Amino acid sequence: MGAIVIVDAFWGDAGKGKFSAYLSRLHNAALCVRAGVGPNAGHSIRVDGQWIRNRLVPLGFTNPSTKLAIGAGVAVDPVLLQQEVRQTRTDRRLVVDYRCPVIEPRHIARERRDPVMKAIDSTKTGSGAARADYVMRRGRRACDVPELRPYCRDVAMLCNQAALKGTVVVEGSQATYLSLYLSNRYPFTSSDNCTTAAFVDDVGLNWRLVDRVVLLVKCLPTAVGNGPLPHEMPAEEIARKGLQEFGTNTGRPRRRSRRLDFSLLRYSVMLNGPTEIALTWCDQFDRRIEGATKKRHITKKIGGLIERVEKVCGVPVRFLETGKDFDNIIALY
């Protein structure tokens, strides 16, 4: 019983959606609830060779018995939400908090015109503009939009009730160092914090019901958009090593670090209070582990990384993600 919160240690793209789906299945979660800023972050998984890419509907939907929700702190684009509901066939399983900020076409248009949004290479999904209107008490809420009313519920109440009786997976979005108030890279941030506490707040969860916090650490961290990136690898080196990636939401090429920054990782651990760590994209760090699912397949190089991460963080590494497919995960407990 209790909630499992999924949070990204660095700049995103570490596999939060995949772990949301994995943990929802592993624990047959009663509820998977989306937290975070809005549809500016895309989550993806590959199941049976097919990619599933969502920006609002939680990827916990892949477990048939898991109910789905979107927390009150998440800005919702009604058109995009209805499109994803149709694609995932989750019409009868999804609820939206009636207090969610609503993204309207004017919000997207405003961000596309804004010179600051261009300068920071924002996704321009209207998330920030909608939240700004909400803060100024002139934005609409989900309950004000006719097409969203059938989905509207008190998600905070549902989330707390579900966590008392079973497992709730909180699918956080974006990443710690994209946090508006806590990152060292302002203005190259999102429009809210993206930490454990922020996600718990987004869904209205009583903090006493948080059982676990899984911090996702991408072995060779990546970032999209402008802003500082420590130990950045030149684009030609990324291409030469076959490490190209592209953003789920915009298709932008991902920039890449050569290695983990352990000082930043230690700070992220301090902010998020993880109970465990998942090392993700391990196959990029050591190709020999690609697709592995058993502990006996752990290589010496990966074992050394596990040892160093645990020493620096004081937190156990419990999962290794070893490839693109849904089942490419090694559980270390």
# chains A, B, ... in the order shown; residues from 1 in each chain; ligands from 1
call {"tool": "residues_around", "arguments": {"residues": "Cys282 of chain A", "least_positions_apart": "4", "cutoff": "12 Å", "atoms": "only C-alpha atoms", "output": "PDB file with N, CA and C atoms, in the first residue's frame"}}
result
ATOM      1  N   ALA A  14      14.669  10.302 -19.165  1.00  0.00           N
ATOM      2  CA  ALA A  14      15.308   9.170 -18.494  1.00  0.00           C
ATOM      3  C   ALA A  14      14.437   7.923 -18.466  1.00  0.00           C
ATOM      4  N   GLY A  15      13.170   8.033 -18.875  1.00  0.00           N
ATOM      5  CA  GLY A  15      12.309   6.854 -18.911  1.00  0.00           C
ATOM      6  C   GLY A  15      11.211   6.835 -17.866  1.00  0.00           C
ATOM      7  N   LEU A 216      15.136   8.382 -11.215  1.00  0.00           N
ATOM      8  CA  LEU A 216      15.695   7.867 -12.456  1.00  0.00           C
ATOM      9  C   LEU A 216      16.964   8.631 -12.817  1.00  0.00           C
ATOM     10  N   VAL A 217      18.046   7.898 -12.997  1.00  0.00           N
ATOM     11  CA  VAL A 217      19.347   8.483 -13.314  1.00  0.00           C
ATOM     12  C   VAL A 217      19.789   7.942 -14.668  1.00  0.00           C
ATOM     13  N   LYS A 218      19.763   8.778 -15.672  1.00  0.00           N
ATOM     14  CA  LYS A 218      20.199   8.376 -17.007  1.00  0.00           C
ATOM     15  C   LYS A 218      21.718   8.319 -17.035  1.00  0.00           C
ATOM     16  N   CYS A 219      22.277   7.175 -17.447  1.00  0.00           N
ATOM     17  CA  CYS A 219      23.725   6.963 -17.350  1.00  0.00           C
ATOM     18  C   CYS A 219      24.538   8.017 -18.091  1.00  0.00           C
ATOM     19  N   LEU A 220      24.065   8.412 -19.275  1.00  0.00           N
ATOM     20  CA  LEU A 220      24.674   9.505 -20.032  1.00  0.00           C
ATOM     21  C   LEU A 220      23.576  10.543 -20.239  1.00  0.00           C
ATOM     22  N   PRO A 221      23.415  11.473 -19.290  1.00  0.00           N
ATOM     23  CA  PRO A 221      22.261  12.377 -19.303  1.00  0.00           C
ATOM     24  C   PRO A 221      22.127  13.181 -20.589  1.00  0.00           C
ATOM     25  N   ALA A 278      16.947   4.114 -10.087  1.00  0.00           N
ATOM     26  CA  ALA A 278      16.924   3.313 -11.313  1.00  0.00           C
ATOM     27  C   ALA A 278      17.940   3.918 -12.270  1.00  0.00           C
ATOM     28  N   ASP A 286      27.186   0.911 -21.637  1.00  0.00           N
ATOM     29  CA  ASP A 286      27.902  -0.329 -21.942  1.00  0.00           C
ATOM     30  C   ASP A 286      27.026  -1.172 -22.868  1.00  0.00           C
ATOM     31  N   ARG A 287      27.379  -1.238 -24.139  1.00  0.00           N
ATOM     32  CA  ARG A 287      26.575  -1.933 -25.137  1.00  0.00           C
ATOM     33  C   ARG A 287      26.373  -3.409 -24.805  1.00  0.00           C
ATOM     34  N   ARG A 288      27.274  -3.973 -24.013  1.00  0.00           N
ATOM     35  CA  ARG A 288      27.212  -5.408 -23.730  1.00  0.00           C
ATOM     36  C   ARG A 288      26.008  -5.805 -22.882  1.00  0.00           C
ATOM     37  N   ILE A 289      25.372  -4.836 -22.261  1.00  0.00           N
ATOM     38  CA  ILE A 289      24.232  -5.168 -21.400  1.00  0.00           C
ATOM     39  C   ILE A 289      22.899  -4.975 -22.124  1.00  0.00           C
ATOM     40  N   GLU A 290      22.938  -4.598 -23.380  1.00  0.00           N
ATOM     41  CA  GLU A 290      21.710  -4.290 -24.119  1.00  0.00           C
ATOM     42  C   GLU A 290      20.731  -5.466 -24.115  1.00  0.00           C
ATOM     43  N   GLY A 291      19.505  -5.180 -23.700  1.00  0.00           N
ATOM     44  CA  GLY A 291      18.440  -6.168 -23.693  1.00  0.00           C
ATOM     45  C   GLY A 291      18.459  -7.143 -22.530  1.00  0.00           C
ATOM     46  N   ALA A 292      19.402  -7.012 -21.617  1.00  0.00           N
ATOM     47  CA  ALA A 292      19.518  -7.954 -20.499  1.00  0.00           C
ATOM     48  C   ALA A 292      18.347  -7.813 -19.531  1.00  0.00           C
ATOM     49  N   THR A 293      17.955  -8.944 -18.931  1.00  0.00           N
ATOM     50  CA  THR A 293      16.858  -8.938 -17.952  1.00  0.00           C
ATOM     51  C   THR A 293      17.213  -9.686 -16.667  1.00  0.00           C
ATOM     52  N   ILE A 298      24.831  -8.514 -15.607  1.00  0.00           N
ATOM     53  CA  ILE A 298      25.429  -7.225 -15.266  1.00  0.00           C
ATOM     54  C   ILE A 298      26.932  -7.268 -15.532  1.00  0.00           C
ATOM     55  N   THR A 299      27.420  -6.323 -16.307  1.00  0.00           N
ATOM     56  CA  THR A 299      28.832  -6.281 -16.674  1.00  0.00           C
ATOM     57  C   THR A 299      29.656  -5.603 -15.581  1.00  0.00           C
ATOM     58  N   LYS A 301      31.617  -3.094 -15.964  1.00  0.00           N
ATOM     59  CA  LYS A 301      31.519  -1.635 -16.123  1.00  0.00           C
ATOM     60  C   LYS A 301      30.249  -1.101 -15.461  1.00  0.00           C
ATOM     61  N   ILE A 302      29.139  -1.774 -15.675  1.00  0.00           N
ATOM     62  CA  ILE A 302      27.879  -1.353 -15.046  1.00  0.00           C
ATOM     63  C   ILE A 302      27.962  -1.560 -13.538  1.00  0.00           C
ATOM     64  N   GLY A 303      28.558  -2.654 -13.102  1.00  0.00           N
ATOM     65  CA  GLY A 303      28.718  -2.900 -11.673  1.00  0.00           C
ATOM     66  C   GLY A 303      29.521  -1.802 -10.993  1.00  0.00           C
ATOM     67  N   LEU A 305      29.688   1.317 -12.003  1.00  0.00           N
ATOM     68  CA  LEU A 305      28.834   2.514 -11.955  1.00  0.00           C
ATOM     69  C   LEU A 305      27.834   2.407 -10.809  1.00  0.00           C
ATOM     70  N   ILE A 306      27.240   1.240 -10.643  1.00  0.00           N
ATOM     71  CA  ILE A 306      26.307   1.036  -9.525  1.00  0.00           C
ATOM     72  C   ILE A 306      26.993   1.347  -8.202  1.00  0.00           C
ATOM     73  N   PHE A 319      17.043  -0.775  -9.868  1.00  0.00           N
ATOM     74  CA  PHE A 319      16.648  -1.155 -11.222  1.00  0.00           C
ATOM     75  C   PHE A 319      17.721  -0.721 -12.220  1.00  0.00           C
ATOM     76  N   LEU A 320      17.869  -1.523 -13.257  1.00  0.00           N
ATOM     77  CA  LEU A 320      18.698  -1.173 -14.401  1.00  0.00           C
ATOM     78  C   LEU A 320      17.830  -1.286 -15.649  1.00  0.00           C
ATOM     79  N   GLU A 321      17.779  -0.221 -16.440  1.00  0.00           N
ATOM     80  CA  GLU A 321      17.086  -0.293 -17.727  1.00  0.00           C
ATOM     81  C   GLU A 321      18.137  -0.554 -18.797  1.00  0.00           C
ATOM     82  N   THR A 322      17.924  -1.569 -19.623  1.00  0.00           N
ATOM     83  CA  THR A 322      18.980  -2.036 -20.509  1.00  0.00           C
ATOM     84  C   THR A 322      18.664  -1.931 -22.000  1.00  0.00           C
ATOM     85  N   GLY A 323      17.525  -1.406 -22.344  1.00  0.00           N
ATOM     86  CA  GLY A 323      17.181  -1.301 -23.760  1.00  0.00           C
ATOM     87  C   GLY A 323      15.835  -0.651 -23.966  1.00  0.00           C
ATOM     88  N   LYS A 324      15.432  -0.539 -25.221  1.00  0.00           N
ATOM     89  CA  LYS A 324      14.229   0.204 -25.571  1.00  0.00           C
ATOM     90  C   LYS A 324      12.933  -0.538 -25.257  1.00  0.00           C
ATOM     91  N   ASN A 328      12.979  -4.690 -20.959  1.00  0.00           N
ATOM     92  CA  ASN A 328      14.437  -4.579 -20.823  1.00  0.00           C
ATOM     93  C   ASN A 328      14.802  -3.898 -19.507  1.00  0.00           C
ATOM     94  N   ILE A 329      14.470  -4.540 -18.409  1.00  0.00           N
ATOM     95  CA  ILE A 329      14.724  -4.011 -17.066  1.00  0.00           C
ATOM     96  C   ILE A 329      15.229  -5.139 -16.169  1.00  0.00           C
ATOM     97  N   ILE A 330      16.262  -4.855 -15.398  1.00  0.00           N
ATOM     98  CA  ILE A 330      16.763  -5.802 -14.397  1.00  0.00           C
ATOM     99  C   ILE A 330      16.390  -5.253 -13.023  1.00  0.00           C
TER     100      ILE A 330
END
call {"tool": "select_by_dssp", "arguments": {"residues": "segment 202-293 of chain A", "states": "helix (DSSP H, G or I)", "output": "mmCIF file with C-alpha atoms, in the first residue's frame"}}
result
data_model
loop_
_atom_site.group_PDB
_atom_site.id
_atom_site.type_symbol
_atom_site.label_atom_id
_atom_site.label_comp_id
_atom_site.auth_asym_id
_atom_site.auth_seq_id
_atom_site.Cartn_x
_atom_site.Cartn_y
_atom_site.Cartn_z
ATOM 1 C CA ASP A 202 0.262 18.316 -8.050
ATOM 2 C CA VAL A 203 -1.929 15.302 -7.280
ATOM 3 C CA TRP A 207 2.905 13.073 2.089
ATOM 4 C CA ARG A 208 2.478 10.426 4.791
ATOM 5 C CA LEU A 209 1.126 8.084 2.111
ATOM 6 C CA ALA A 235 27.049 16.724 -31.950
ATOM 7 C CA GLU A 236 29.581 15.055 -34.251
ATOM 8 C CA GLU A 237 30.768 12.825 -31.411
ATOM 9 C CA ILE A 238 27.170 11.890 -30.590
ATOM 10 C CA ALA A 239 26.633 10.877 -34.218
ATOM 11 C CA ARG A 240 29.930 8.990 -34.443
ATOM 12 C CA PHE A 262 28.036 13.471 -9.329
ATOM 13 C CA SER A 263 27.841 16.853 -7.616
ATOM 14 C CA LEU A 264 24.532 17.591 -9.364
ATOM 15 C CA LEU A 265 23.344 14.041 -8.661
ATOM 16 C CA ARG A 266 24.056 14.459 -4.957
ATOM 17 C CA TYR A 267 22.070 17.730 -4.935
ATOM 18 C CA SER A 268 19.180 16.052 -6.761
ATOM 19 C CA VAL A 269 19.135 13.306 -4.127
ATOM 20 C CA MET A 270 18.989 15.971 -1.426
ATOM 21 C CA LEU A 271 16.009 17.672 -3.095
ATOM 22 C CA ASN A 272 14.028 14.526 -3.901
ATOM 23 C CA CYS A 282 22.521 1.458 -19.364
ATOM 24 C CA ASP A 283 22.994 0.060 -22.877
ATOM 25 C CA GLN A 284 24.377 3.446 -23.946
ATOM 26 C CA PHE A 285 26.948 3.277 -21.144
ATOM 27 C CA ARG A 287 26.575 -1.933 -25.137
ATOM 28 C CA ARG A 288 27.212 -5.408 -23.730
ATOM 29 C CA ILE A 289 24.232 -5.168 -21.400
#
call {"tool": "residues_around", "arguments": {"residues": "Met1 of chain A", "least_positions_apart": "3", "cutoff": "7 Å", "atoms": "only C-alpha atoms", "output": "number ranges by chain"}}
result
A: 163-167
call {"tool": "write_last_selection", "arguments": {"atoms": "N, CA and C atoms", "output": "JSON list (two decimals), in the first residue's frame"}}
result
[["chain", "number", "residue", "atom", "x", "y", "z"],
["A", 163, "ALA", "N", -4.34, 5.17, -2.20],
["A", 163, "ALA", "CA", -3.06, 4.91, -1.53],
["A", 163, "ALA", "C", -3.24, 4.25, -0.17],
["A", 164, "LEU", "N", -4.40, 4.43, 0.44],
["A", 164, "LEU", "CA", -4.68, 3.79, 1.72],
["A", 164, "LEU", "C", -4.95, 2.29, 1.56],
["A", 165, "LYS", "N", -5.42, 1.92, 0.38],
["A", 165, "LYS", "CA", -5.85, 0.53, 0.18],
["A", 165, "LYS", "C", -4.93, -0.27, -0.76],
["A", 166, "GLY", "N", -4.21, 0.42, -1.61],
["A", 166, "GLY", "CA", -3.39, -0.28, -2.60],
["A", 166, "GLY", "C", -2.23, 0.59, -3.04],
["A", 167, "THR", "N", -1.69, 0.30, -4.23],
["A", 167, "THR", "CA", -0.53, 1.04, -4.74],
["A", 167, "THR", "C", -0.97, 2.11, -5.73]]
call {"tool": "select_by_dssp", "arguments": {"residues": "segment 163-236 of chain A", "states": "strand (DSSP E or B)", "output": "mmCIF file with N, CA, C and O atoms, in the first residue's frame"}}
result
data_model
loop_
_atom_site.group_PDB
_atom_site.id
_atom_site.type_symbol
_atom_site.label_atom_id
_atom_site.label_comp_id
_atom_site.auth_asym_id
_atom_site.auth_seq_id
_atom_site.Cartn_x
_atom_site.Cartn_y
_atom_site.Cartn_z
ATOM 1 N N THR A 167 -1.694 0.304 -4.228
ATOM 2 C CA THR A 167 -0.534 1.038 -4.745
ATOM 3 C C THR A 167 -0.972 2.110 -5.726
ATOM 4 O O THR A 167 -1.770 1.867 -6.628
ATOM 5 N N VAL A 168 -0.428 3.306 -5.530
ATOM 6 C CA VAL A 168 -0.624 4.419 -6.450
ATOM 7 C C VAL A 168 0.732 4.769 -7.059
ATOM 8 O O VAL A 168 1.710 4.948 -6.334
ATOM 9 N N VAL A 169 0.799 4.844 -8.380
ATOM 10 C CA VAL A 169 2.008 5.267 -9.060
ATOM 11 C C VAL A 169 1.829 6.709 -9.517
ATOM 12 O O VAL A 169 0.881 7.021 -10.241
ATOM 13 N N VAL A 170 2.706 7.587 -9.039
ATOM 14 C CA VAL A 170 2.667 8.997 -9.426
ATOM 15 C C VAL A 170 3.696 9.197 -10.539
ATOM 16 O O VAL A 170 4.902 9.115 -10.301
ATOM 17 N N GLU A 171 3.207 9.434 -11.736
ATOM 18 C CA GLU A 171 4.060 9.575 -12.925
ATOM 19 C C GLU A 171 4.467 11.034 -13.084
ATOM 20 O O GLU A 171 3.753 11.836 -13.666
ATOM 21 N N VAL A 210 3.249 8.531 0.979
ATOM 22 C CA VAL A 210 4.329 8.215 0.045
ATOM 23 C C VAL A 210 5.167 7.083 0.641
ATOM 24 O O VAL A 210 5.763 7.227 1.712
ATOM 25 N N ASP A 211 5.205 5.972 -0.061
ATOM 26 C CA ASP A 211 5.946 4.804 0.418
ATOM 27 C C ASP A 211 7.343 4.735 -0.185
ATOM 28 O O ASP A 211 8.306 4.395 0.500
ATOM 29 N N ARG A 212 7.448 5.070 -1.479
ATOM 30 C CA ARG A 212 8.730 4.977 -2.177
ATOM 31 C C ARG A 212 8.890 6.149 -3.143
ATOM 32 O O ARG A 212 7.908 6.651 -3.694
ATOM 33 N N VAL A 213 10.138 6.550 -3.353
ATOM 34 C CA VAL A 213 10.477 7.539 -4.378
ATOM 35 C C VAL A 213 11.575 6.933 -5.236
ATOM 36 O O VAL A 213 12.668 6.630 -4.747
ATOM 37 N N VAL A 214 11.275 6.729 -6.517
ATOM 38 C CA VAL A 214 12.236 6.140 -7.448
ATOM 39 C C VAL A 214 12.849 7.270 -8.273
ATOM 40 O O VAL A 214 12.165 7.933 -9.051
ATOM 41 N N LEU A 215 14.148 7.483 -8.070
ATOM 42 C CA LEU A 215 14.873 8.525 -8.807
ATOM 43 C C LEU A 215 15.528 7.903 -10.037
ATOM 44 O O LEU A 215 16.361 7.004 -9.922
ATOM 45 N N LEU A 216 15.136 8.382 -11.215
ATOM 46 C CA LEU A 216 15.695 7.867 -12.456
ATOM 47 C C LEU A 216 16.964 8.631 -12.817
ATOM 48 O O LEU A 216 16.946 9.872 -12.899
ATOM 49 N N VAL A 217 18.046 7.898 -12.997
ATOM 50 C CA VAL A 217 19.347 8.483 -13.314
ATOM 51 C C VAL A 217 19.789 7.942 -14.668
ATOM 52 O O VAL A 217 20.123 6.761 -14.789
ATOM 53 N N LYS A 218 19.763 8.778 -15.672
ATOM 54 C CA LYS A 218 20.199 8.376 -17.007
ATOM 55 C C LYS A 218 21.718 8.319 -17.035
ATOM 56 O O LYS A 218 22.394 9.302 -16.674
ATOM 57 N N THR A 222 20.862 13.510 -20.908
ATOM 58 C CA THR A 222 20.566 14.305 -22.090
ATOM 59 C C THR A 222 19.665 15.477 -21.716
ATOM 60 O O THR A 222 19.046 15.504 -20.653
ATOM 61 N N ALA A 223 19.602 16.438 -22.634
ATOM 62 C CA ALA A 223 18.705 17.585 -22.472
ATOM 63 C C ALA A 223 18.301 18.070 -23.850
ATOM 64 O O ALA A 223 19.041 17.884 -24.834
ATOM 65 N N GLU A 232 29.181 18.551 -21.864
ATOM 66 C CA GLU A 232 28.443 18.308 -23.106
ATOM 67 C C GLU A 232 29.317 17.689 -24.184
ATOM 68 O O GLU A 232 30.459 18.093 -24.407
ATOM 69 N N MET A 233 28.742 16.732 -24.885
ATOM 70 C CA MET A 233 29.388 16.016 -25.970
ATOM 71 C C MET A 233 29.048 16.723 -27.286
ATOM 72 O O MET A 233 27.876 17.013 -27.539
#
call {"tool": "closest_atom_pairs", "arguments": {"of": "segment 85-165 of chain A", "to": "segment 25-42 of chain A", "cutoff": "10 Å", "atoms": "only C-alpha atoms", "output": "CSV"}}
result
residue,atom,partner,partner_atom,distance
A:Arg93,CA,A:Leu31,CA,9.7
A:Leu94,CA,A:Val33,CA,9.4
A:Val95,CA,A:Val33,CA,9.3
A:Val96,CA,A:Val33,CA,9.4
A:Cys100,CA,A:Gly38,CA,9.7
A:Pro101,CA,A:Gly38,CA,9.1
A:Val102,CA,A:Gly38,CA,9.6
A:Ile103,CA,A:Gly38,CA,8.9
A:Ser122,CA,A:Asn40,CA,8.7
A:Thr123,CA,A:Asn40,CA,6.0
A:Lys124,CA,A:Asn40,CA,7.5
A:Thr125,CA,A:Asn40,CA,5.7
A:Gly126,CA,A:Asn40,CA,8.1
A:Ser127,CA,A:Gly38,CA,5.7
A:Gly128,CA,A:Val37,CA,8.0
A:Ala130,CA,A:Gly38,CA,9.6
A:Arg131,CA,A:Val37,CA,8.5
A:Val155,CA,A:Val33,CA,8.6
A:Ala156,CA,A:Val33,CA,9.9
A:Leu158,CA,A:Leu31,CA,8.7
A:Cys159,CA,A:Leu31,CA,7.3
A:Ala162,CA,A:Ala30,CA,6.4
A:Ala163,CA,A:Ala30,CA,8.2
A:Lys165,CA,A:Ala30,CA,8.5
call {"tool": "closest_residue", "arguments": {"among": "A:Leu243, A:Val5, A:Asn226, A:Thr88", "to": "Met117 of chain A", "atoms": "only C-alpha atoms"}}
result
A:Asn226
call {"tool": "atom_distance", "arguments": {"atom1": "atom CA of Tyr134 of chain A", "atom2": "atom CA of Asn184 of chain A"}}
result
25.5 Å
call {"tool": "residues_around", "arguments": {"residues": "Ser44 of chain A", "least_positions_apart": "5", "cutoff": "8 Å", "atoms": "only C-alpha atoms", "output": "number ranges by chain"}}
result
A: 15, 17-18, 51-54, 59, 248
call {"tool": "write_last_selection", "arguments": {"atoms": "N, CA, C and O atoms", "output": "short mmCIF file (atom, residue, chain, number, x, y, z; two decimals), in the first residue's frame"}}
result
data_model
loop_
_atom_site.label_atom_id
_atom_site.label_comp_id
_atom_site.auth_asym_id
_atom_site.auth_seq_id
_atom_site.Cartn_x
_atom_site.Cartn_y
_atom_site.Cartn_z
N GLY A 15 13.17 8.03 -18.88
CA GLY A 15 12.31 6.85 -18.91
C GLY A 15 11.21 6.84 -17.87
O GLY A 15 10.78 5.76 -17.44
N GLY A 17 8.01 7.51 -18.14
CA GLY A 17 6.81 6.84 -18.62
C GLY A 17 6.96 5.33 -18.61
O GLY A 17 6.04 4.60 -18.23
N LYS A 18 8.12 4.86 -19.03
CA LYS A 18 8.38 3.42 -19.05
C LYS A 18 8.31 2.85 -17.64
O LYS A 18 7.72 1.78 -17.41
N TRP A 51 5.74 1.76 -30.76
CA TRP A 51 5.93 2.87 -29.84
C TRP A 51 4.59 3.47 -29.42
O TRP A 51 3.70 3.63 -30.24
N ILE A 52 4.49 3.77 -28.14
CA ILE A 52 3.34 4.50 -27.60
C ILE A 52 3.89 5.78 -27.01
O ILE A 52 4.79 5.76 -26.17
N ARG A 53 3.36 6.91 -27.47
CA ARG A 53 3.85 8.22 -27.02
C ARG A 53 2.68 9.05 -26.53
O ARG A 53 1.79 9.39 -27.30
N ASN A 54 2.70 9.39 -25.24
CA ASN A 54 1.63 10.18 -24.63
C ASN A 54 2.20 11.44 -24.00
O ASN A 54 3.34 11.45 -23.53
N LEU A 59 1.12 6.49 -18.69
CA LEU A 59 1.47 5.24 -19.36
C LEU A 59 1.19 4.02 -18.50
O LEU A 59 1.32 2.88 -18.99
N THR A 248 10.52 13.24 -27.52
CA THR A 248 9.23 12.60 -27.77
C THR A 248 8.19 13.61 -28.24
O THR A 248 7.38 13.32 -29.13
#
call {"tool": "closest_residue", "arguments": {"among": "A:Gly2, A:Gly273, A:Ser24, A:Gly49", "to": "Asp325 of chain A", "atoms": "only C-alpha atoms"}}
result
A:Gly49
call {"tool": "closest_residue", "arguments": {"among": "A:Glu310, A:Asp201, A:Glu276, A:Asp261", "to": "Tyr333 of chain A", "atoms": "only C-alpha atoms"}}
result
A:Glu276
